[in-house]
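Q: Sharing target02.txt (compact mmCIF, C-alpha atoms) below.
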# COMPACT_ATOMS: atom_id res chain seq x y z
CA MET O 1 -10.39 57.01 34.68
CA TYR O 2 -14.13 57.00 35.30
CA MET O 3 -16.67 54.36 36.15
CA TYR O 4 -19.62 53.76 33.89
CA SER O 5 -22.72 54.94 35.73
CA ASN O 6 -24.64 52.15 37.50
CA MET O 7 -22.41 49.40 36.10
CA LYS O 8 -20.41 47.03 38.28
CA LYS O 9 -20.50 43.66 36.55
CA VAL O 10 -20.93 43.28 32.79
CA PHE O 11 -21.44 40.41 30.38
CA VAL O 12 -19.72 40.28 26.97
CA THR O 13 -20.74 37.84 24.24
CA GLY O 14 -18.08 37.17 21.62
CA ALA O 15 -15.50 38.05 24.27
CA ALA O 16 -12.70 36.09 22.62
CA GLY O 17 -13.27 37.69 19.24
CA PHE O 18 -11.44 40.54 17.53
CA ILE O 19 -13.53 43.44 18.82
CA GLY O 20 -14.80 41.64 21.91
CA SER O 21 -11.37 40.92 23.37
CA ASN O 22 -10.31 44.54 22.88
CA LEU O 23 -13.52 45.71 24.56
CA VAL O 24 -13.00 43.35 27.51
CA GLU O 25 -9.62 44.93 28.20
CA ARG O 26 -11.18 48.40 28.21
CA LEU O 27 -13.97 47.35 30.56
CA LEU O 28 -11.44 45.83 32.96
CA PHE O 29 -9.41 49.03 32.76
CA HIS O 30 -12.45 50.85 34.07
CA GLY O 31 -12.53 48.56 37.10
CA LEU O 32 -15.59 46.58 36.11
CA ASP O 33 -16.11 42.90 36.78
CA VAL O 34 -16.39 41.21 33.38
CA VAL O 35 -17.90 37.87 32.41
CA GLY O 36 -16.71 36.84 28.94
CA PHE O 37 -18.84 34.38 26.97
CA ASP O 38 -17.70 32.75 23.73
CA ASN O 39 -17.96 29.34 22.04
CA LEU O 40 -14.48 29.78 20.52
CA SER O 41 -15.73 28.84 17.05
CA THR O 42 -13.93 31.86 15.61
CA GLY O 43 -12.75 33.65 18.74
CA GLN O 44 -9.37 32.81 20.22
CA GLU O 45 -8.92 32.31 23.96
CA ARG O 46 -5.34 33.48 23.39
CA PHE O 47 -6.80 36.95 22.76
CA LEU O 48 -7.86 36.94 26.40
CA ASP O 49 -4.43 36.15 27.86
CA ALA O 50 -4.02 39.63 29.36
CA SER O 51 -7.60 39.77 30.62
CA GLU O 52 -7.38 36.37 32.27
CA LYS O 53 -4.64 37.73 34.52
CA SER O 54 -7.21 40.00 36.13
CA PRO O 55 -9.15 38.71 39.16
CA LYS O 56 -12.11 40.72 37.83
CA PHE O 57 -12.43 38.60 34.69
CA VAL O 58 -14.20 35.27 34.31
CA PHE O 59 -14.37 33.41 31.00
CA ILE O 60 -17.21 30.99 30.24
CA GLU O 61 -17.08 28.84 27.14
CA GLY O 62 -20.64 28.73 25.92
CA ASP O 63 -22.90 29.19 22.91
CA VAL O 64 -25.37 32.05 22.47
CA LEU O 65 -27.76 29.51 20.92
CA ASN O 66 -28.05 27.92 24.37
CA LYS O 67 -30.52 30.18 26.15
CA ASP O 68 -30.31 28.33 29.46
CA ALA O 69 -26.52 28.70 29.49
CA LEU O 70 -26.89 32.42 28.81
CA ILE O 71 -29.39 32.87 31.63
CA SER O 72 -27.08 31.13 34.07
CA ALA O 73 -23.93 32.93 32.93
CA MET O 74 -25.55 36.41 33.09
CA MET O 75 -26.62 36.03 36.69
CA GLY O 76 -25.53 39.03 38.77
CA CYS O 77 -24.64 41.20 35.75
CA ASP O 78 -26.12 44.65 35.22
CA ALA O 79 -25.22 45.26 31.56
CA VAL O 80 -24.71 43.19 28.40
CA PHE O 81 -22.37 43.89 25.48
CA HIS O 82 -23.58 41.65 22.67
CA LEU O 83 -20.85 41.21 20.04
CA ALA O 84 -21.14 37.50 19.20
CA ALA O 85 -22.17 36.99 15.58
CA ASN O 86 -21.38 35.31 12.32
CA ALA O 87 -19.40 38.01 10.52
CA ASP O 88 -18.49 36.23 7.27
CA VAL O 89 -20.76 38.24 4.97
CA ARG O 90 -19.25 36.81 1.84
CA PHE O 91 -20.25 33.18 2.43
CA GLY O 92 -23.82 33.73 3.63
CA LEU O 93 -25.41 31.98 0.66
CA ASN O 94 -23.34 28.84 1.29
CA ASN O 95 -25.26 28.21 4.51
CA THR O 96 -28.46 30.22 4.55
CA SER O 97 -29.38 29.36 8.15
CA ARG O 98 -26.10 30.53 9.72
CA ASP O 99 -26.86 34.26 9.85
CA LEU O 100 -30.40 33.64 11.06
CA GLU O 101 -29.21 31.35 13.85
CA GLN O 102 -25.97 32.99 14.97
CA ASN O 103 -27.19 36.58 14.61
CA THR O 104 -30.97 36.86 14.91
CA ILE O 105 -31.95 33.86 17.03
CA ALA O 106 -28.85 34.35 19.18
CA THR O 107 -29.86 37.98 19.80
CA HIS O 108 -33.36 36.86 20.81
CA ASN O 109 -31.74 34.46 23.30
CA VAL O 110 -29.59 37.27 24.70
CA LEU O 111 -32.65 39.48 25.16
CA GLU O 112 -34.57 36.69 26.84
CA ALA O 113 -31.65 35.97 29.17
CA MET O 114 -31.47 39.67 30.03
CA ASN O 115 -35.15 39.65 30.97
CA ALA O 116 -34.69 36.54 33.07
CA ASN O 117 -31.95 38.36 35.01
CA ASN O 118 -33.67 41.78 35.00
CA ILE O 119 -30.74 43.41 33.15
CA LYS O 120 -31.68 46.82 31.76
CA LEU O 121 -28.69 47.92 29.67
CA LEU O 122 -27.64 46.51 26.28
CA VAL O 123 -24.87 47.48 23.87
CA PHE O 124 -25.12 45.84 20.44
CA SER O 125 -22.67 45.67 17.54
CA SER O 126 -24.58 46.08 14.30
CA THR O 127 -23.25 46.94 10.86
CA GLY O 128 -23.28 49.62 8.22
CA SER O 129 -24.28 46.84 5.82
CA VAL O 130 -27.89 47.34 6.93
CA TYR O 131 -27.96 50.41 4.65
CA GLY O 132 -27.42 48.15 1.63
CA GLU O 133 -26.53 50.05 -1.51
CA SER O 134 -27.62 53.40 -0.13
CA THR O 135 -28.21 56.29 -2.49
CA ILE O 136 -27.27 58.73 0.29
CA ILE O 137 -23.49 59.06 0.73
CA PRO O 138 -22.25 59.59 3.39
CA THR O 139 -25.09 57.61 4.94
CA PRO O 140 -26.71 58.92 8.14
CA GLU O 141 -28.52 56.87 10.79
CA ASN O 142 -31.93 57.99 9.52
CA ALA O 143 -31.33 57.05 5.90
CA PRO O 144 -34.11 54.92 4.37
CA PHE O 145 -33.27 51.25 4.11
CA PRO O 146 -33.04 49.98 0.52
CA ILE O 147 -33.36 46.37 -0.61
CA GLN O 148 -31.22 44.12 1.59
CA THR O 149 -28.52 42.44 -0.50
CA SER O 150 -26.89 40.06 2.02
CA LEU O 151 -28.25 37.57 4.55
CA TYR O 152 -25.78 38.97 7.07
CA ALA O 153 -27.19 42.50 6.83
CA ALA O 154 -30.77 41.21 6.83
CA SER O 155 -30.12 39.23 10.00
CA LYS O 156 -28.49 42.21 11.72
CA LEU O 157 -31.41 44.45 10.76
CA ALA O 158 -33.75 41.86 12.27
CA CYS O 159 -31.61 41.96 15.43
CA GLU O 160 -32.00 45.73 15.58
CA GLY O 161 -35.77 45.39 15.28
CA LEU O 162 -35.91 42.86 18.09
CA ILE O 163 -33.71 45.02 20.31
CA GLN O 164 -35.80 48.11 19.70
CA ALA O 165 -39.02 46.26 20.50
CA TYR O 166 -37.58 44.70 23.67
CA CYS O 167 -36.20 48.04 24.81
CA GLU O 168 -39.57 49.72 24.33
CA GLY O 169 -41.54 46.84 25.81
CA PHE O 170 -39.36 45.99 28.79
CA GLY O 171 -37.71 49.33 29.58
CA ILE O 172 -34.20 48.30 28.49
CA GLU O 173 -31.68 51.03 27.71
CA GLY O 174 -30.18 50.12 24.36
CA TYR O 175 -27.24 51.35 22.31
CA ILE O 176 -26.83 50.10 18.74
CA PHE O 177 -23.53 50.80 16.95
CA ARG O 178 -23.46 50.38 13.19
CA PHE O 179 -19.84 49.68 12.31
CA VAL O 180 -17.99 49.88 9.06
CA SER O 181 -15.35 47.13 8.77
CA ILE O 182 -13.06 47.25 11.78
CA VAL O 183 -9.29 46.76 11.43
CA GLY O 184 -6.41 46.54 13.86
CA GLU O 185 -4.86 44.18 16.38
CA ARG O 186 -6.50 40.69 16.49
CA TYR O 187 -8.14 41.19 13.09
CA THR O 188 -8.95 37.72 11.76
CA HIS O 189 -11.00 38.11 8.58
CA GLY O 190 -11.41 40.60 5.77
CA HIS O 191 -9.47 41.92 2.83
CA ILE O 192 -6.18 42.69 4.65
CA PHE O 193 -6.18 39.22 6.21
CA ASP O 194 -6.89 37.58 2.85
CA PHE O 195 -4.43 39.67 0.83
CA TYR O 196 -1.61 39.14 3.31
CA LYS O 197 -2.24 35.40 3.32
CA GLN O 198 -1.94 35.36 -0.47
CA LEU O 199 1.25 37.42 -0.38
CA ILE O 200 2.83 35.17 2.26
CA ASN O 201 2.28 32.21 -0.06
CA ASN O 202 3.39 34.06 -3.19
CA PRO O 203 4.51 37.72 -2.96
CA SER O 204 4.50 38.04 -6.76
CA LYS O 205 0.77 37.43 -7.31
CA LEU O 206 -2.44 38.83 -5.84
CA THR O 207 -6.03 37.96 -6.80
CA VAL O 208 -8.64 40.59 -6.02
CA LEU O 209 -12.38 39.98 -5.87
CA GLY O 210 -14.13 42.56 -8.05
CA ASP O 211 -12.37 45.21 -10.10
CA GLY O 212 -10.59 47.08 -7.30
CA THR O 213 -12.72 50.19 -7.65
CA GLN O 214 -14.93 49.37 -4.68
CA GLN O 215 -14.91 52.22 -2.17
CA LYS O 216 -14.86 51.21 1.49
CA SER O 217 -14.53 52.88 4.85
CA TYR O 218 -12.64 51.17 7.66
CA LEU O 219 -12.22 52.03 11.34
CA TYR O 220 -9.30 51.22 13.62
CA VAL O 221 -10.39 49.03 16.53
CA GLY O 222 -9.03 51.47 19.11
CA ASP O 223 -11.26 54.20 17.69
CA CYS O 224 -14.20 51.80 17.75
CA ILE O 225 -13.68 51.00 21.44
CA ASN O 226 -13.19 54.69 22.21
CA ALA O 227 -16.54 55.46 20.56
CA ILE O 228 -18.43 52.90 22.64
CA ASP O 229 -16.54 54.10 25.69
CA HIS O 230 -17.44 57.72 24.99
CA VAL O 231 -21.16 57.11 24.54
CA LEU O 232 -21.43 55.01 27.70
CA SER O 233 -19.41 57.46 29.75
CA MET O 234 -21.99 60.13 28.95
CA ARG O 235 -25.15 58.03 29.18
CA THR O 236 -27.05 60.93 27.63
CA ALA O 237 -27.36 59.06 24.39
CA ARG O 238 -31.00 58.07 24.36
CA SER O 239 -33.54 60.28 22.69
CA SER O 240 -36.31 61.68 24.85
CA LYS O 241 -38.89 59.59 22.98
CA HIS O 242 -37.36 56.13 22.74
CA ASN O 243 -35.14 53.79 24.77
CA VAL O 244 -32.66 53.05 21.97
CA ALA O 245 -29.86 55.21 20.57
CA ILE O 246 -28.25 54.31 17.23
CA TYR O 247 -24.79 55.50 16.19
CA ASN O 248 -22.80 55.06 13.00
CA LEU O 249 -19.11 54.34 13.58
CA GLY O 250 -16.60 54.89 10.82
CA ALA O 251 -13.60 56.84 9.64
CA ASP O 252 -13.82 60.35 8.26
CA THR O 253 -13.28 59.18 4.71
CA TYR O 254 -13.16 56.08 2.50
CA ILE O 255 -10.60 54.32 0.34
CA ARG O 256 -10.67 52.43 -2.94
CA VAL O 257 -9.67 48.78 -2.74
CA ASN O 258 -6.84 49.51 -5.19
CA ASP O 259 -5.48 52.21 -2.87
CA SER O 260 -5.74 49.86 0.08
CA ILE O 261 -3.70 47.34 -1.95
CA LYS O 262 -1.05 50.00 -2.56
CA THR O 263 -0.77 50.65 1.18
CA ILE O 264 -0.50 46.93 1.88
CA CYS O 265 2.11 46.32 -0.80
CA ASN O 266 4.18 49.38 0.15
CA THR O 267 4.16 48.31 3.78
CA LEU O 268 5.28 44.80 2.90
CA GLY O 269 7.74 45.92 0.23
CA VAL O 270 6.20 43.78 -2.52
CA ASN O 271 5.04 44.49 -6.06
CA PRO O 272 2.74 41.64 -7.14
CA ILE O 273 0.98 41.15 -10.44
CA ILE O 274 -2.68 41.81 -9.66
CA THR O 275 -5.49 39.76 -11.18
CA TYR O 276 -9.07 41.00 -10.86
CA THR O 277 -12.14 38.78 -10.95
CA GLY O 278 -14.15 41.60 -12.52
CA GLY O 279 -17.30 43.57 -11.75
CA SER O 280 -17.95 46.35 -9.25
CA LYS O 281 -18.79 43.81 -6.53
CA GLY O 282 -16.44 41.26 -5.02
CA TRP O 283 -19.28 38.82 -4.28
CA ILE O 284 -23.07 38.64 -4.16
CA GLY O 285 -24.17 41.07 -1.46
CA ASP O 286 -20.96 43.12 -1.53
CA ASN O 287 -21.62 46.85 -1.27
CA PRO O 288 -19.38 48.70 -3.75
CA PHE O 289 -19.52 51.98 -1.80
CA ILE O 290 -19.64 52.24 2.00
CA PHE O 291 -19.18 55.56 3.74
CA LEU O 292 -21.15 56.36 6.89
CA ASP O 293 -22.06 59.80 8.19
CA THR O 294 -20.74 60.00 11.77
CA THR O 295 -21.97 63.52 12.53
CA LYS O 296 -24.26 62.27 15.29
CA ILE O 297 -21.52 60.77 17.46
CA LYS O 298 -19.11 63.59 16.63
CA ASN O 299 -21.69 66.03 17.96
CA ILE O 300 -21.34 64.49 21.42
CA GLY O 301 -17.57 64.78 21.40
CA TRP O 302 -16.09 61.63 19.78
CA LYS O 303 -13.58 61.84 16.97
CA CYS O 304 -11.71 59.30 14.85
CA GLU O 305 -8.01 59.51 15.68
CA HIS O 306 -6.54 57.16 13.05
CA THR O 307 -6.64 57.34 9.29
CA ILE O 308 -7.67 54.31 7.28
CA GLU O 309 -4.07 53.91 6.09
CA GLN O 310 -2.79 53.93 9.68
CA GLY O 311 -5.31 51.24 10.57
CA ILE O 312 -4.19 49.11 7.64
CA VAL O 313 -0.53 49.38 8.66
CA LYS O 314 -1.32 48.54 12.30
CA THR O 315 -3.27 45.51 11.12
CA LEU O 316 -0.41 44.29 8.94
CA ASN O 317 2.09 44.78 11.75
CA TRP O 318 -0.04 42.65 14.05
CA LEU O 319 -0.52 39.93 11.42
CA GLN O 320 3.22 39.82 10.73
CA ASN O 321 3.86 39.24 14.43
CA ASN O 322 1.05 36.72 14.86
CA LEU O 323 1.25 34.34 11.93
CA TRP O 324 -0.24 31.61 14.13
CA ILE O 325 -3.66 33.11 13.43
CA TYR O 326 -3.57 31.74 9.89
CA ASP O 327 -3.25 28.19 11.19
CA LYS O 328 -6.22 28.82 13.48
CA ARG O 329 -8.36 30.21 10.66
CA THR O 330 -7.75 27.48 8.08
Hey, can you dump this file as structure tokens for me?

A:
Amino acid sequence: MYMYSNMKKVFVTGAAGFIGSNLVERLLFHGLDVVGFDNLSTGQERFLDASEKSPKFVFIEGDVLNKDALISAMMGCDAVFHLAANADVRFGLNNTSRDLEQNTIATHNVLEAMNANNIKLLVFSSTGSVYGESTIIPTPENAPFPIQTSLYAASKLACEGLIQAYCEGFGIEGYIFRFVSIVGERYTHGHIFDFYKQLINNPSKLTVLGDGTQQKSYLYVGDCINAIDHVLSMRTARSSKHNVAIYNLGADTYIRVNDSIKTICNTLGVNPIITYTGGSKGWIGDNPFIFLDTTKIKNIGWKCEHTIEQGIVKTLNWLQNNLWIYDKRT
């Protein structure tokens, strides 16, 4: 076990969320004092049960849209892990201000609170969706950005721009991780969650958005945390020219939605009649082919240890043992 260089007390937004709660446990494992911050709108305090047993963990229920609360809660911290966000890409057009507020404005508040507390290290969870419908597959970090097709991706790209400007202007050390969809324990939204919910209600029928040919890459949450862990343990990630390092995080391959369905159905032992809604996209803004080039992070020693299929099975196993999450999400 090692200690992150120059870190003693860290602040985690979205601490009660899927990825955030897993990250909190890792940070505590490293002996750090951790302040978790979450408004519990989608996060579950139950995800923090193990962490709350540690004397090094403090949970604060608060909203990232409240800048004064952020400034107060961050006091004494020397690093920020900013994971709080609206992650429901599919419903962005139903409330066009949500992504702007919960992603972009919230990130501005986090940056301002960092400045108020003189915090000089930021880790940010971005998304591979910022690449839109890229013509370069697999897509590297320096790929040109095409037209943005979702408000979620547009808001995350705006966050990245703000972070880069603050890091350059105020000397903050920044790490931006562009994730594919993450799966695993405490997963609370996405295609596995939705498909399993349908199959619980009726194992003989399954409705699929799109035509099932969409090609997606997924990453197991343990591999995601390991990647962040690996980069921060090295702290050699920044380029010589700028204060921000950007890393793609994803599996070594991709899977068609239809093949993902096969894995889900085989795991559950069901054989439903599948109905497709049609088209190569499941919804407006859906990217029919996501596969990120992870050469950059592999070159500094990280590797993905789980296949996509293994991640799907682990996710299903967790959902089967935690059916309460469906009551919380409806």

Q: List as a VMD selection string the protein and nucleic acid residues near Tyr220 (chain O), meaning an atom at most 8 Å away when all atoms listed in the file are counted, but skip any in the same chain fewer than 2 places from it.

A: chain O and resid 182 to 184 218 222 to 224 306 to 308 311

Q: Check which residues of region 80-191 of chain O sit at most 7 Å from region 54-68 of chain O using all atoms listed in the file, and return one row each with the closest pair of atoms and their distance in Å to one decimal, ordered by chain and rising number, as CSV.

A:
residue,atom,partner,partner_atom,distance
O:Ala106,CA,O:Leu65,CA,5.3
O:Asn109,CA,O:Lys67,CA,5.3
O:Ala113,CA,O:Lys67,CA,6.6

Q: Give me the residues within 9 Å of Tyr187 (chain O) as an MDAnalysis selection string, counting only C-alpha atoms and dropping any in the same chain fewer than 4 places off.

A: chainID O and resid 17:19 182:183 192:193 221 315 318:319

Q: For region 20-31 of chain O, please output as a PyMOL selection string all residues within 10 Å (counting only C-alpha atoms; exclusion window: fewer than 3 positions along the same chain).

A: chain O and resi 1-4+7-17+34-38+43-52+54-57+81-84+125+185-186+221-222+224-226+228-229

Q: Name all residues at most 12 Å from Trp283 (chain O) (count all atoms listed in the file; drop same-chain ones fewer than 6 positions away) and give them as a list of chain:residue names.

A: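 Those residues are O:Asp88, O:Val89, O:Arg90, O:Phe91, O:Gly92, O:Leu93, O:Thr149, O:Ser150, O:Val208, O:Leu209, O:Gly210, O:Asp211, O:Gln214, O:Thr277.
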
Q: Mind writing the picked residues with C-alpha atoms as a PDB file, keeping the file's coordinate frame?

A:
ATOM      1  CA  ASP O  88     -18.490  36.230   7.270  1.00  0.00           C
ATOM      2  CA  VAL O  89     -20.760  38.240   4.970  1.00  0.00           C
ATOM      3  CA  ARG O  90     -19.250  36.810   1.840  1.00  0.00           C
ATOM      4  CA  PHE O  91     -20.250  33.180   2.430  1.00  0.00           C
ATOM      5  CA  GLY O  92     -23.820  33.730   3.630  1.00  0.00           C
ATOM      6  CA  LEU O  93     -25.410  31.980   0.660  1.00  0.00           C
ATOM      7  CA  THR O 149     -28.520  42.440  -0.500  1.00  0.00           C
ATOM      8  CA  SER O 150     -26.890  40.060   2.020  1.00  0.00           C
ATOM      9  CA  VAL O 208      -8.640  40.590  -6.020  1.00  0.00           C
ATOM     10  CA  LEU O 209     -12.380  39.980  -5.870  1.00  0.00           C
ATOM     11  CA  GLY O 210     -14.130  42.560  -8.050  1.00  0.00           C
ATOM     12  CA  ASP O 211     -12.370  45.210 -10.100  1.00  0.00           C
ATOM     13  CA  GLN O 214     -14.930  49.370  -4.680  1.00  0.00           C
ATOM     14  CA  THR O 277     -12.140  38.780 -10.950  1.00  0.00           C
TER      15      THR O 277
END

Q: Under the rule that only C-alpha atoms are counted, which of O:Asn248, O:Thr267, O:Asn86, O:Thr253 is the nearest residue to Thr107 (chain O)?

A: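 Result for the nearest residue to Thr107 (chain O): O:Asn86.
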
Q: Residues within 8 Å of region 162-171 of chain O, please, as a PyMOL selection string. Count all atoms listed in the file; anything in the same chain fewer than 6 positions from it doesn't count.

A: chain O and resi 107-108+111+115+120+242-244

Q: Grab the CA of Ala158 (chain O) to CA of Asn142 (chain O) distance for me, in Å with one decimal place.

A: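 Computing the Euclidean distance for CA of Ala158 (chain O) and CA of Asn142 (chain O) yields 16.5 Å.
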
Q: Enclose region 308-326 of chain O, meaning all of its atoms listed in the file, in a box aligned along x, y and z, pad it by 3 Å on each side, and list the centre and edge lengths in Å to one decimal, as lines of an AutoDock Vina configuration file.

A:
center_x = -1.9
center_y = 43.0
center_z = 10.5
size_x = 17.5
size_y = 28.7
size_z = 14.8
